[in-house]
Amino acid sequence: MPANELVDDPLWYKDAIFYELRVRSFYDSNGDGIGDFPGLTEKLDYLKELGVTTLWLLPFYPSPMKDDGYDTADYLDVHPDCGSLADFRHFLKEAHRRGLRVVTELVLNHTSDQHPWFQRARHAPPGSHERDFYVWSDTPTKYKEARIIFKDFEHSNWTWDHEAKAYYWHRFYSHQPDLNFDNPAVKRALMRAVDFWLAMGVDGLRLDAVPYLYERDGTTCENLPETHVFLNELRRHVDKKHTNKMLLAEANQWPEDAVAYFDHGKSCHMAFHFPIMPRLFMSVRTEDRFPLTDIWAQTPAIPDACQWALFLRNHDELTLEMVTDEERDYMYRAYAQENRMRINLGIRRRLAPLLGNNRRTIELMNALLFSLPGTPVLYYGDEIGMGDNVYLGDRDGVRTPMQWSPDRNAGFSRANPQKLILPTIIDHEYHYQSVNVEAQEQNRHSLLWWMRRLIALRKQFRAFGRGAIDFLQPDNPRIIAFVRSFEDESILVVANLSRFVQHVELDLGSHRGAIPVELFGRTSFPAIGDRPYSLSLGSHVFYWFALTAPAGASVHPASDSALPKLDTDGDWESLLTDDAAGPLARALPGYLATCPWFSSKARPKTARIVEVIPLTESTNPCITLVEVEPSEGDPERYLLPLGFVTDVAAHELRQRAPGQVIAELSLVDASGQRRGIVCDATADLRFGRLLLAIIERRRRIKGE
């Protein structure tokens, strides 16, 4: 079977599901105790099976590793621990072959003090070209209005350099001097780095610490107009030289400041919505929707081509910068009772320990993350409920090796355990012998399988990634409810933030007559009428409802115009190899529900083609093995002959066997654009005869 290819869509990031991973902690291929790109390449099939679409890689550039690679020493190479540039190129090729995009880091604001640029600068005379690559001063009193970000470690934003006989400026650690963006040579050098990675095939860049690029007296040195001018320049440069690339701004700011990084669609394509993260935890802890609905009410609208990036946890602390002092104190009391759990202005813990390893709460938080407007970001290991180690320094406690199996070193490496880049988790509740991929693969009720189902379900509806949101205001504050709508899709999300059973009545008058169909079980609820819609929800329970057409609508399309319409720029083979989010896979559940041989006799949740058996030299027609997840029970597999028919034959087939027509298809391949239908191949007499001939030949060969 040909492999998946990337879809040519400039807005691919709006429907994406990001998976953030640390290469050094993911999988070690050579036994040195450190994860690398060959190891990551070996695990691409796992990530594809999980259902994520985009891999966000933490820094892998040459670095002294004082800040986990965010202290860059070379923008144009790979750290030897992670492999080589050739290893990265092979990984990138294999990821794209599986339909996975790759986003890497670009640390714009600062470098390591070991970067050749800084070493030249500190030895160069004042006013020289080399010295001006960084920001220098004879006194540490300039820009005194700028806050100190890492108060736990730094007492000033200035550090004296004995070689340069001057102070250099840094917004983060003292070993990370800030670049001077008033120097055009700095911008040209960074543009070369951008072109290097994007030309290689990287699909997007996360722009680290972008609010702090410029410094001006009398300001906080954050979100300055000059910063947005530079980002506009960067965007024009990327759009001119590259296709379908994405820029993601890391700006830990209040919504009204963060939205400026879109700049009416002229700057970054995406930006993180940092204030959402702590308020998700606050809403669940207080059992009140107000923290979440309030911060969303403060969030301005963004351009149609832009997107928020949302996450529950990542490689940094659960940041509490964008909360009030009172809210920060509450979060510390609720989620970080021990001082060692705190760092900077945040909490350095993983998702499962933060939520007391409560499965229902973990599912609820992920369901909210995946249903709010924006692109969800999943942190490696959270799909299996990994724990952390608060006794490790800095934020290393949430960067421990991925737990693949109960074997030595959690299956991460064959090295002596003492050589591992970080120790594995051996806490009894999160021990790698019980919390690992291998164990959860074998348990269909595990968190891993639940996350796969959640991801697959979200990918079936574009309303989650592109739709508007309309918050409902029920009287019960412990219930959060909203409708996501896009084109002909309307999804009702209802969640109980309380640990106790709750009742709610929802005003759904604008959807009167629609039938709510619960998406996980495909269970139809009573139609929405004139009165408030009544629901009872158990502890931390959530529902996703598709608001479908009124009762009496035909299950199977009655006319050709009602058939699902599929469009693809690839060939017929690529359509057959799409995953559960592909156009053909999305059309199959509706067709299977009408087939008399489908045992569940109800609309299946998902359908996925897992194998294609050609009947001739090409795959048209072919026999496909379709794996179906029904509304109830275990997954089932069916043999389904498929064919693509055009022109007169398609018209005749519509007339003779309309019930076996699956979808209309517009196909653009090497032979040009072709229009036709996808059908059960047995419906076409030619295909049926061919199938019978093959079966008869097999019988003769076997002597039957």
# chains A, B, ... in the order shown; residues from 1 in each chain; ligands from 1

call {"tool": "residues_around", "arguments": {"residues": "stretch 672-679 of chain A", "least_positions_apart": "3", "cutoff": "12 Å", "atoms": "only C-alpha atoms", "output": "PyMOL selection string"}}
result
chain A and resi 560-561+563-572+575-576+583-585+587-588+591-592+620-623+640-654+657-669+682-685+687-688

call {"tool": "closest_atom_pairs", "arguments": {"of": "stretch 343-449 of chain A", "to": "stretch 536-543 of chain A", "cutoff": "10 Å", "atoms": "only C-alpha atoms", "output": "tab-separated table"}}
result
residue	atom	partner	partner_atom	distance
A:Arg359	CA	A:His540	CA	9.7
A:Arg360	CA	A:His540	CA	6.0
A:Thr361	CA	A:His540	CA	6.1
A:Ile362	CA	A:His540	CA	9.3
A:Glu363	CA	A:His540	CA	8.5
A:Leu364	CA	A:His540	CA	6.2
A:Met365	CA	A:His540	CA	9.2
A:Ala367	CA	A:Phe542	CA	7.5
A:Leu368	CA	A:Phe542	CA	8.6

call {"tool": "residues_around", "arguments": {"residues": "A:Val390", "least_positions_apart": "6", "cutoff": "7 Å", "atoms": "only C-alpha atoms", "output": "VMD selection string"}}
result
chain A and resid 340 to 341 397

call {"tool": "closest_residue", "arguments": {"among": "A:Arg98, A:His115, A:Arg24, A:Arg313", "to": "A:Ile276", "atoms": "only C-alpha atoms"}}
result
A:Arg313

call {"tool": "select_by_dssp", "arguments": {"residues": "stretch 223-288 of chain A", "states": "helix (DSSP H, G or I)", "output": "ChimeraX atom specification"}}
result
/A:225-241,255-261,263-265,276-286

call {"tool": "atom_distance", "arguments": {"atom1": "atom CA of A:Leu312", "atom2": "atom CA of A:Tyr432"}}
result
22.1 Å

call {"tool": "residues_around", "arguments": {"residues": "A:Leu213", "least_positions_apart": "2", "cutoff": "8 Å", "atoms": "only C-alpha atoms", "output": "JSON, numbers by chain"}}
result
{"A": [108, 109, 178, 179, 180, 181, 209, 210, 211, 215, 222, 227]}

call {"tool": "atom_distance", "arguments": {"atom1": "atom CA of A:Asp329", "atom2": "atom CA of A:Asp388"}}
result
22.2 Å

call {"tool": "residues_around", "arguments": {"residues": "stretch 160-173 of chain A", "least_positions_apart": "5", "cutoff": "6 Å", "atoms": "only C-alpha atoms", "output": "list in words"}}
result
Arg122, Val135, Trp136, Ser137, Asp138 and Asp178 of chain A

call {"tool": "write_last_selection", "arguments": {"atoms": "all heavy atoms", "output": "CSV table (one decimal), in the first residue's frame"}}
result
chain,number,residue,atom,x,y,z
A,122,ARG,N,31.9,39.4,22.8
A,122,ARG,CA,32.5,39.8,24.1
A,122,ARG,C,34.0,40.1,23.9
A,122,ARG,O,34.6,40.8,24.8
A,122,ARG,CB,32.3,38.7,25.1
A,122,ARG,CG,32.9,37.4,24.8
A,122,ARG,CD,32.3,36.3,25.7
A,122,ARG,NE,32.6,36.5,27.1
A,122,ARG,CZ,33.5,35.8,27.8
A,122,ARG,NH1,34.3,34.9,27.2
A,122,ARG,NH2,33.7,36.1,29.1
A,135,VAL,N,23.0,43.1,23.3
A,135,VAL,CA,22.7,44.3,24.0
A,135,VAL,C,23.6,44.6,25.2
A,135,VAL,O,23.6,43.8,26.1
A,135,VAL,CB,21.2,44.3,24.5
A,135,VAL,CG1,20.8,45.6,25.1
A,135,VAL,CG2,20.3,44.0,23.3
A,136,TRP,N,24.3,45.7,25.1
A,136,TRP,CA,25.3,46.0,26.1
A,136,TRP,C,25.1,47.3,26.8
A,136,TRP,O,24.4,48.2,26.3
A,136,TRP,CB,26.7,46.0,25.5
A,136,TRP,CG,27.1,44.7,24.8
A,136,TRP,CD1,26.9,44.4,23.5
A,136,TRP,CD2,27.8,43.6,25.4
A,136,TRP,NE1,27.4,43.2,23.3
A,136,TRP,CE2,28.0,42.7,24.4
A,136,TRP,CE3,28.3,43.4,26.7
A,136,TRP,CZ2,28.6,41.4,24.6
A,136,TRP,CZ3,28.9,42.1,26.9
A,136,TRP,CH2,29.1,41.2,25.9
A,137,SER,N,25.6,47.4,28.0
A,137,SER,CA,25.5,48.7,28.8
A,137,SER,C,26.6,48.8,29.8
A,137,SER,O,27.1,47.8,30.3
A,137,SER,CB,24.1,48.7,29.5
A,137,SER,OG,24.0,49.9,30.3
A,138,ASP,N,27.0,50.1,30.1
A,138,ASP,CA,28.0,50.3,31.1
A,138,ASP,C,27.4,50.3,32.5
A,138,ASP,O,28.1,50.4,33.5
A,138,ASP,CB,28.7,51.7,30.8
A,138,ASP,CG,29.5,51.7,29.6
A,138,ASP,OD1,30.0,50.6,29.2
A,138,ASP,OD2,29.6,52.7,28.9
A,178,ASP,N,20.6,38.2,25.4
A,178,ASP,CA,19.6,38.5,24.3
A,178,ASP,C,20.2,39.1,23.1
A,178,ASP,O,21.2,39.9,23.2
A,178,ASP,CB,18.6,39.6,24.9
A,178,ASP,CG,17.5,39.0,25.8
A,178,ASP,OD1,17.7,37.8,26.3
A,178,ASP,OD2,16.5,39.6,25.9

call {"tool": "residues_around", "arguments": {"residues": "stretch 231-247 of chain A", "least_positions_apart": "4", "cutoff": "9 Å", "atoms": "only C-alpha atoms", "output": "PDB file with C-alpha atoms, in the first residue's frame"}}
result
ATOM      1  CA  ASP A   8      -1.981  20.486   0.325  1.00  0.00           C
ATOM      2  CA  ASP A   9      -3.862  22.808   2.685  1.00  0.00           C
ATOM      3  CA  PRO A  10      -2.511  26.213   3.790  1.00  0.00           C
ATOM      4  CA  LEU A  11      -4.767  26.009   6.867  1.00  0.00           C
ATOM      5  CA  TRP A  12      -3.659  22.513   7.916  1.00  0.00           C
ATOM      6  CA  TYR A  13      -2.869  23.719  11.442  1.00  0.00           C
ATOM      7  CA  VAL A 103       7.172  21.718  13.911  1.00  0.00           C
ATOM      8  CA  MET A 191      16.241  34.598   8.451  1.00  0.00           C
ATOM      9  CA  VAL A 194      14.415  30.042   9.107  1.00  0.00           C
ATOM     10  CA  ASP A 195      15.136  29.278   5.456  1.00  0.00           C
ATOM     11  CA  LEU A 198      11.794  25.326   6.169  1.00  0.00           C
ATOM     12  CA  ALA A 199      13.591  24.542   2.909  1.00  0.00           C
ATOM     13  CA  VAL A 202       9.959  21.431   8.348  1.00  0.00           C
ATOM     14  CA  ASP A 203       6.287  22.464   8.376  1.00  0.00           C
ATOM     15  CA  GLY A 204       6.337  25.114  11.069  1.00  0.00           C
ATOM     16  CA  LEU A 205       8.391  26.988  13.630  1.00  0.00           C
ATOM     17  CA  ARG A 206       7.542  27.712  17.242  1.00  0.00           C
ATOM     18  CA  LEU A 207       8.942  31.167  17.916  1.00  0.00           C
ATOM     19  CA  VAL A 210       8.749  36.535  21.085  1.00  0.00           C
ATOM     20  CA  GLU A 226       8.975  47.019  16.913  1.00  0.00           C
ATOM     21  CA  THR A 227       8.435  43.347  17.754  1.00  0.00           C
ATOM     22  CA  TYR A 261       0.680  38.436  17.488  1.00  0.00           C
ATOM     23  CA  ASP A 263      -1.923  41.223  13.624  1.00  0.00           C
ATOM     24  CA  LYS A 266      -0.263  39.483   8.792  1.00  0.00           C
ATOM     25  CA  SER A 267       1.952  38.041  11.519  1.00  0.00           C
ATOM     26  CA  CYS A 268       1.929  34.595  13.177  1.00  0.00           C
ATOM     27  CA  HIS A 269      -0.523  31.916  12.089  1.00  0.00           C
ATOM     28  CA  MET A 270      -0.892  30.545  15.616  1.00  0.00           C
ATOM     29  CA  ALA A 271      -0.335  31.663  19.202  1.00  0.00           C
TER      30      ALA A 271
END

call {"tool": "residues_around", "arguments": {"residues": "A:Ile149", "least_positions_apart": "3", "cutoff": "12 Å", "atoms": "only C-alpha atoms", "output": "mmCIF file with all heavy atoms, in the first residue's frame"}}
result
data_model
loop_
_atom_site.group_PDB
_atom_site.id
_atom_site.type_symbol
_atom_site.label_atom_id
_atom_site.label_comp_id
_atom_site.auth_asym_id
_atom_site.auth_seq_id
_atom_site.Cartn_x
_atom_site.Cartn_y
_atom_site.Cartn_z
ATOM 1 N N ALA A 146 11.455 46.760 33.203
ATOM 2 C CA ALA A 146 11.259 45.377 32.736
ATOM 3 C C ALA A 146 11.298 44.421 33.924
ATOM 4 O O ALA A 146 12.207 44.478 34.756
ATOM 5 C CB ALA A 146 12.340 45.011 31.726
ATOM 6 N N ASP A 152 13.375 33.133 40.688
ATOM 7 C CA ASP A 152 13.971 32.094 41.519
ATOM 8 C C ASP A 152 15.485 32.005 41.323
ATOM 9 O O ASP A 152 16.198 31.513 42.202
ATOM 10 C CB ASP A 152 13.368 30.726 41.188
ATOM 11 C CG ASP A 152 11.897 30.640 41.567
ATOM 12 O OD1 ASP A 152 11.314 31.679 41.900
ATOM 13 O OD2 ASP A 152 11.343 29.531 41.525
ATOM 14 N N PHE A 153 15.970 32.468 40.165
ATOM 15 C CA PHE A 153 17.373 32.260 39.815
ATOM 16 C C PHE A 153 18.137 33.546 39.535
ATOM 17 O O PHE A 153 19.358 33.571 39.668
ATOM 18 C CB PHE A 153 17.469 31.350 38.584
ATOM 19 C CG PHE A 153 16.813 30.009 38.770
ATOM 20 C CD1 PHE A 153 15.511 29.793 38.365
ATOM 21 C CD2 PHE A 153 17.501 28.962 39.362
ATOM 22 C CE1 PHE A 153 14.905 28.556 38.536
ATOM 23 C CE2 PHE A 153 16.907 27.720 39.534
ATOM 24 C CZ PHE A 153 15.604 27.522 39.130
ATOM 25 N N GLU A 154 17.447 34.591 39.104
ATOM 26 C CA GLU A 154 18.122 35.819 38.694
ATOM 27 C C GLU A 154 17.638 37.009 39.518
ATOM 28 O O GLU A 154 16.442 37.137 39.798
ATOM 29 C CB GLU A 154 17.869 36.092 37.201
ATOM 30 C CG GLU A 154 18.283 34.959 36.265
ATOM 31 C CD GLU A 154 19.783 34.728 36.223
ATOM 32 O OE1 GLU A 154 20.537 35.632 36.653
ATOM 33 O OE2 GLU A 154 20.215 33.644 35.785
ATOM 34 N N HIS A 155 18.560 37.891 39.882
ATOM 35 C CA HIS A 155 18.195 39.096 40.625
ATOM 36 C C HIS A 155 18.210 40.339 39.746
ATOM 37 O O HIS A 155 17.828 41.424 40.172
ATOM 38 C CB HIS A 155 19.155 39.304 41.810
ATOM 39 C CG HIS A 155 20.575 39.583 41.399
ATOM 40 N ND1 HIS A 155 21.482 38.576 41.095
ATOM 41 C CD2 HIS A 155 21.244 40.758 41.229
ATOM 42 C CE1 HIS A 155 22.643 39.114 40.752
ATOM 43 N NE2 HIS A 155 22.525 40.433 40.822
ATOM 44 N N SER A 156 18.671 40.177 38.500
ATOM 45 C CA SER A 156 18.733 41.304 37.572
ATOM 46 C C SER A 156 18.655 40.784 36.151
ATOM 47 O O SER A 156 18.959 39.613 35.874
ATOM 48 C CB SER A 156 20.043 42.079 37.779
ATOM 49 O OG SER A 156 20.211 43.058 36.766
ATOM 50 N N ASN A 157 18.271 41.669 35.238
ATOM 51 C CA ASN A 157 18.278 41.342 33.812
ATOM 52 C C ASN A 157 19.628 41.675 33.168
ATOM 53 O O ASN A 157 19.781 41.518 31.958
ATOM 54 C CB ASN A 157 17.175 42.099 33.081
ATOM 55 C CG ASN A 157 15.793 41.528 33.366
ATOM 56 O OD1 ASN A 157 15.632 40.323 33.500
ATOM 57 N ND2 ASN A 157 14.798 42.396 33.472
ATOM 58 N N HIS A 170 19.778 40.180 29.463
ATOM 59 C CA HIS A 170 19.145 38.861 29.300
ATOM 60 C C HIS A 170 17.806 38.882 30.028
ATOM 61 O O HIS A 170 17.711 39.303 31.184
ATOM 62 C CB HIS A 170 20.038 37.745 29.859
ATOM 63 C CG HIS A 170 20.433 37.940 31.293
ATOM 64 N ND1 HIS A 170 19.670 37.508 32.349
ATOM 65 C CD2 HIS A 170 21.525 38.556 31.841
ATOM 66 C CE1 HIS A 170 20.262 37.822 33.490
ATOM 67 N NE2 HIS A 170 21.379 38.468 33.216
ATOM 68 N N ARG A 171 16.759 38.414 29.374
ATOM 69 C CA ARG A 171 15.444 38.357 30.013
ATOM 70 C C ARG A 171 15.223 37.052 30.764
ATOM 71 O O ARG A 171 14.295 36.938 31.562
ATOM 72 C CB ARG A 171 14.333 38.523 28.960
ATOM 73 C CG ARG A 171 14.196 39.894 28.374
ATOM 74 C CD ARG A 171 14.086 40.985 29.430
ATOM 75 N NE ARG A 171 12.988 40.832 30.346
ATOM 76 C CZ ARG A 171 11.760 41.319 30.171
ATOM 77 N NH1 ARG A 171 11.496 41.994 29.075
ATOM 78 N NH2 ARG A 171 10.827 41.161 31.069
ATOM 79 N N PHE A 172 16.046 36.063 30.495
ATOM 80 C CA PHE A 172 15.886 34.769 31.156
ATOM 81 C C PHE A 172 17.149 34.482 31.973
ATOM 82 O O PHE A 172 17.552 35.299 32.779
ATOM 83 C CB PHE A 172 15.574 33.685 30.126
ATOM 84 C CG PHE A 172 14.256 33.924 29.423
ATOM 85 C CD1 PHE A 172 14.184 34.613 28.220
ATOM 86 C CD2 PHE A 172 13.066 33.492 29.999
ATOM 87 C CE1 PHE A 172 12.968 34.848 27.605
ATOM 88 C CE2 PHE A 172 11.842 33.723 29.385
ATOM 89 C CZ PHE A 172 11.796 34.406 28.189
ATOM 90 N N TYR A 173 17.773 33.352 31.781
ATOM 91 C CA TYR A 173 18.962 33.031 32.565
ATOM 92 C C TYR A 173 20.162 33.872 32.122
ATOM 93 O O TYR A 173 20.250 34.308 30.958
ATOM 94 C CB TYR A 173 19.298 31.553 32.424
ATOM 95 C CG TYR A 173 18.273 30.620 33.017
ATOM 96 C CD1 TYR A 173 17.509 29.787 32.198
ATOM 97 C CD2 TYR A 173 18.061 30.561 34.394
ATOM 98 C CE1 TYR A 173 16.568 28.919 32.741
ATOM 99 C CE2 TYR A 173 17.118 29.696 34.943
ATOM 100 C CZ TYR A 173 16.375 28.889 34.109
ATOM 101 O OH TYR A 173 15.441 28.038 34.646
ATOM 102 N N SER A 174 21.109 34.046 33.031
ATOM 103 C CA SER A 174 22.278 34.877 32.721
ATOM 104 C C SER A 174 23.173 34.240 31.665
ATOM 105 O O SER A 174 23.994 34.927 31.058
ATOM 106 C CB SER A 174 23.089 35.135 33.994
ATOM 107 O OG SER A 174 23.501 33.916 34.592
ATOM 108 N N ALA A 209 9.654 32.862 23.059
ATOM 109 C CA ALA A 209 9.857 34.116 23.807
ATOM 110 C C ALA A 209 9.777 35.353 22.925
ATOM 111 O O ALA A 209 10.561 36.292 23.074
ATOM 112 C CB ALA A 209 11.204 34.060 24.533
ATOM 113 N N TYR A 212 9.775 39.536 23.874
ATOM 114 C CA TYR A 212 10.902 40.227 24.502
ATOM 115 C C TYR A 212 12.014 40.582 23.516
ATOM 116 O O TYR A 212 13.165 40.776 23.928
ATOM 117 C CB TYR A 212 11.484 39.343 25.617
ATOM 118 C CG TYR A 212 10.434 38.691 26.473
ATOM 119 C CD1 TYR A 212 10.187 37.318 26.384
ATOM 120 C CD2 TYR A 212 9.661 39.434 27.349
ATOM 121 C CE1 TYR A 212 9.213 36.711 27.157
ATOM 122 C CE2 TYR A 212 8.676 38.840 28.129
ATOM 123 C CZ TYR A 212 8.465 37.481 28.029
ATOM 124 O OH TYR A 212 7.493 36.892 28.789
ATOM 125 N N THR A 220 8.104 48.299 29.607
ATOM 126 C CA THR A 220 8.352 46.990 30.221
ATOM 127 C C THR A 220 9.165 46.076 29.310
ATOM 128 O O THR A 220 9.464 44.943 29.688
ATOM 129 C CB THR A 220 7.016 46.296 30.532
ATOM 130 O OG1 THR A 220 6.295 46.090 29.308
ATOM 131 C CG2 THR A 220 6.173 47.137 31.490
ATOM 132 N N CYS A 221 9.502 46.566 28.129
ATOM 133 C CA CYS A 221 10.275 45.788 27.147
ATOM 134 C C CYS A 221 9.542 44.508 26.752
ATOM 135 O O CYS A 221 10.163 43.465 26.495
ATOM 136 C CB CYS A 221 11.665 45.465 27.679
ATOM 137 S SG CYS A 221 12.665 46.921 28.037
ATOM 138 N N GLU A 222 8.226 44.587 26.690
ATOM 139 C CA GLU A 222 7.405 43.461 26.247
ATOM 140 C C GLU A 222 6.355 43.967 25.264
ATOM 141 O O GLU A 222 5.822 45.073 25.428
ATOM 142 C CB GLU A 222 6.706 42.782 27.437
ATOM 143 C CG GLU A 222 7.648 42.169 28.444
ATOM 144 C CD GLU A 222 6.929 41.477 29.594
ATOM 145 O OE1 GLU A 222 5.773 41.055 29.402
ATOM 146 O OE2 GLU A 222 7.523 41.346 30.677
ATOM 147 N N ASN A 252 3.479 34.371 26.431
ATOM 148 C CA ASN A 252 2.745 34.154 27.677
ATOM 149 C C ASN A 252 2.210 35.499 28.154
ATOM 150 O O ASN A 252 2.813 36.171 29.003
ATOM 151 C CB ASN A 252 3.671 33.525 28.719
ATOM 152 C CG ASN A 252 2.914 33.067 29.954
ATOM 153 O OD1 ASN A 252 1.707 33.301 30.076
ATOM 154 N ND2 ASN A 252 3.614 32.429 30.868
ATOM 155 N N THR A 319 2.244 27.395 34.169
ATOM 156 C CA THR A 319 2.566 28.784 34.448
ATOM 157 C C THR A 319 1.393 29.525 35.091
ATOM 158 O O THR A 319 0.241 29.366 34.685
ATOM 159 C CB THR A 319 3.016 29.505 33.168
ATOM 160 O OG1 THR A 319 3.279 30.878 33.473
ATOM 161 C CG2 THR A 319 1.944 29.438 32.088
ATOM 162 N N LEU A 320 1.725 30.329 36.083
ATOM 163 C CA LEU A 320 0.719 31.126 36.792
ATOM 164 C C LEU A 320 1.026 32.608 36.668
ATOM 165 O O LEU A 320 0.696 33.402 37.554
ATOM 166 C CB LEU A 320 0.666 30.704 38.265
ATOM 167 C CG LEU A 320 0.339 29.227 38.526
ATOM 168 C CD1 LEU A 320 0.402 28.920 40.017
ATOM 169 C CD2 LEU A 320 -1.031 28.877 37.976
ATOM 170 N N GLU A 321 1.672 32.991 35.570
ATOM 171 C CA GLU A 321 1.969 34.405 35.349
ATOM 172 C C GLU A 321 0.700 35.194 35.043
ATOM 173 O O GLU A 321 0.523 36.314 35.524
ATOM 174 C CB GLU A 321 2.961 34.554 34.186
ATOM 175 C CG GLU A 321 4.380 34.166 34.527
ATOM 176 C CD GLU A 321 5.328 34.513 33.399
ATOM 177 O OE1 GLU A 321 5.577 35.705 33.169
ATOM 178 O OE2 GLU A 321 5.813 33.581 32.733
ATOM 179 N N ILE A 343 8.072 26.311 40.821
ATOM 180 C CA ILE A 343 9.255 26.879 40.184
ATOM 181 C C ILE A 343 8.831 28.151 39.468
ATOM 182 O O ILE A 343 7.745 28.217 38.871
ATOM 183 C CB ILE A 343 9.900 25.888 39.196
ATOM 184 C CG1 ILE A 343 11.241 26.427 38.696
ATOM 185 C CG2 ILE A 343 8.982 25.562 38.038
ATOM 186 C CD1 ILE A 343 12.037 25.423 37.869
ATOM 187 N N ASN A 344 9.700 29.181 39.535
ATOM 188 C CA ASN A 344 9.363 30.475 38.962
ATOM 189 C C ASN A 344 7.975 30.887 39.464
ATOM 190 O O ASN A 344 7.720 30.897 40.643
ATOM 191 C CB ASN A 344 9.436 30.432 37.429
ATOM 192 C CG ASN A 344 10.816 30.017 36.945
ATOM 193 O OD1 ASN A 344 11.817 30.369 37.564
ATOM 194 N ND2 ASN A 344 10.874 29.258 35.868
ATOM 195 N N LEU A 345 7.057 31.197 38.549
ATOM 196 C CA LEU A 345 5.666 31.476 38.930
ATOM 197 C C LEU A 345 4.788 30.359 38.387
ATOM 198 O O LEU A 345 3.872 30.585 37.599
ATOM 199 C CB LEU A 345 5.210 32.836 38.379
ATOM 200 C CG LEU A 345 5.858 34.064 39.010
ATOM 201 C CD1 LEU A 345 5.336 35.330 38.351
ATOM 202 C CD2 LEU A 345 5.603 34.113 40.513
ATOM 203 N N GLY A 346 5.065 29.148 38.807
ATOM 204 C CA GLY A 346 4.288 28.040 38.276
ATOM 205 C C GLY A 346 4.481 26.770 39.075
ATOM 206 O O GLY A 346 5.103 26.753 40.134
#

call {"tool": "closest_residue", "arguments": {"among": "A:Asp182, A:Glu256, A:Asp15, A:Glu317", "to": "A:Phe150", "atoms": "only C-alpha atoms"}}
result
A:Glu317

call {"tool": "closest_residue", "arguments": {"among": "A:Leu535, A:Met322, A:Ile17, A:Ile34", "to": "A:Leu420", "atoms": "only C-alpha atoms"}}
result
A:Ile34

call {"tool": "closest_residue", "arguments": {"among": "A:Leu492, A:Ile421, A:Leu292, A:Val186", "to": "A:Asp36", "atoms": "only C-alpha atoms"}}
result
A:Ile421

call {"tool": "select_by_dssp", "arguments": {"residues": "stretch 147-244 of chain A", "states": "strand (DSSP E)", "output": "VMD selection string"}}
result
chain A and resid 158 to 161 166 to 169 204 to 208

call {"tool": "write_last_selection", "arguments": {"atoms": "C-alpha atoms", "output": "compact mmCIF listing (two decimals), in the first residue's frame"}}
result
# COMPACT_ATOMS: atom_id res chain seq x y z
CA TRP A 158 21.92 42.51 33.47
CA THR A 159 25.10 40.47 33.99
CA TRP A 160 28.67 41.74 34.02
CA ASP A 161 31.06 40.21 31.48
CA ALA A 166 30.36 45.72 30.17
CA TYR A 167 26.92 44.44 31.20
CA TYR A 168 24.92 42.32 28.77
CA TRP A 169 21.10 42.09 28.76
CA GLY A 204 6.34 25.11 11.07
CA LEU A 205 8.39 26.99 13.63
CA ARG A 206 7.54 27.71 17.24
CA LEU A 207 8.94 31.17 17.92
CA ASP A 208 10.19 31.09 21.49
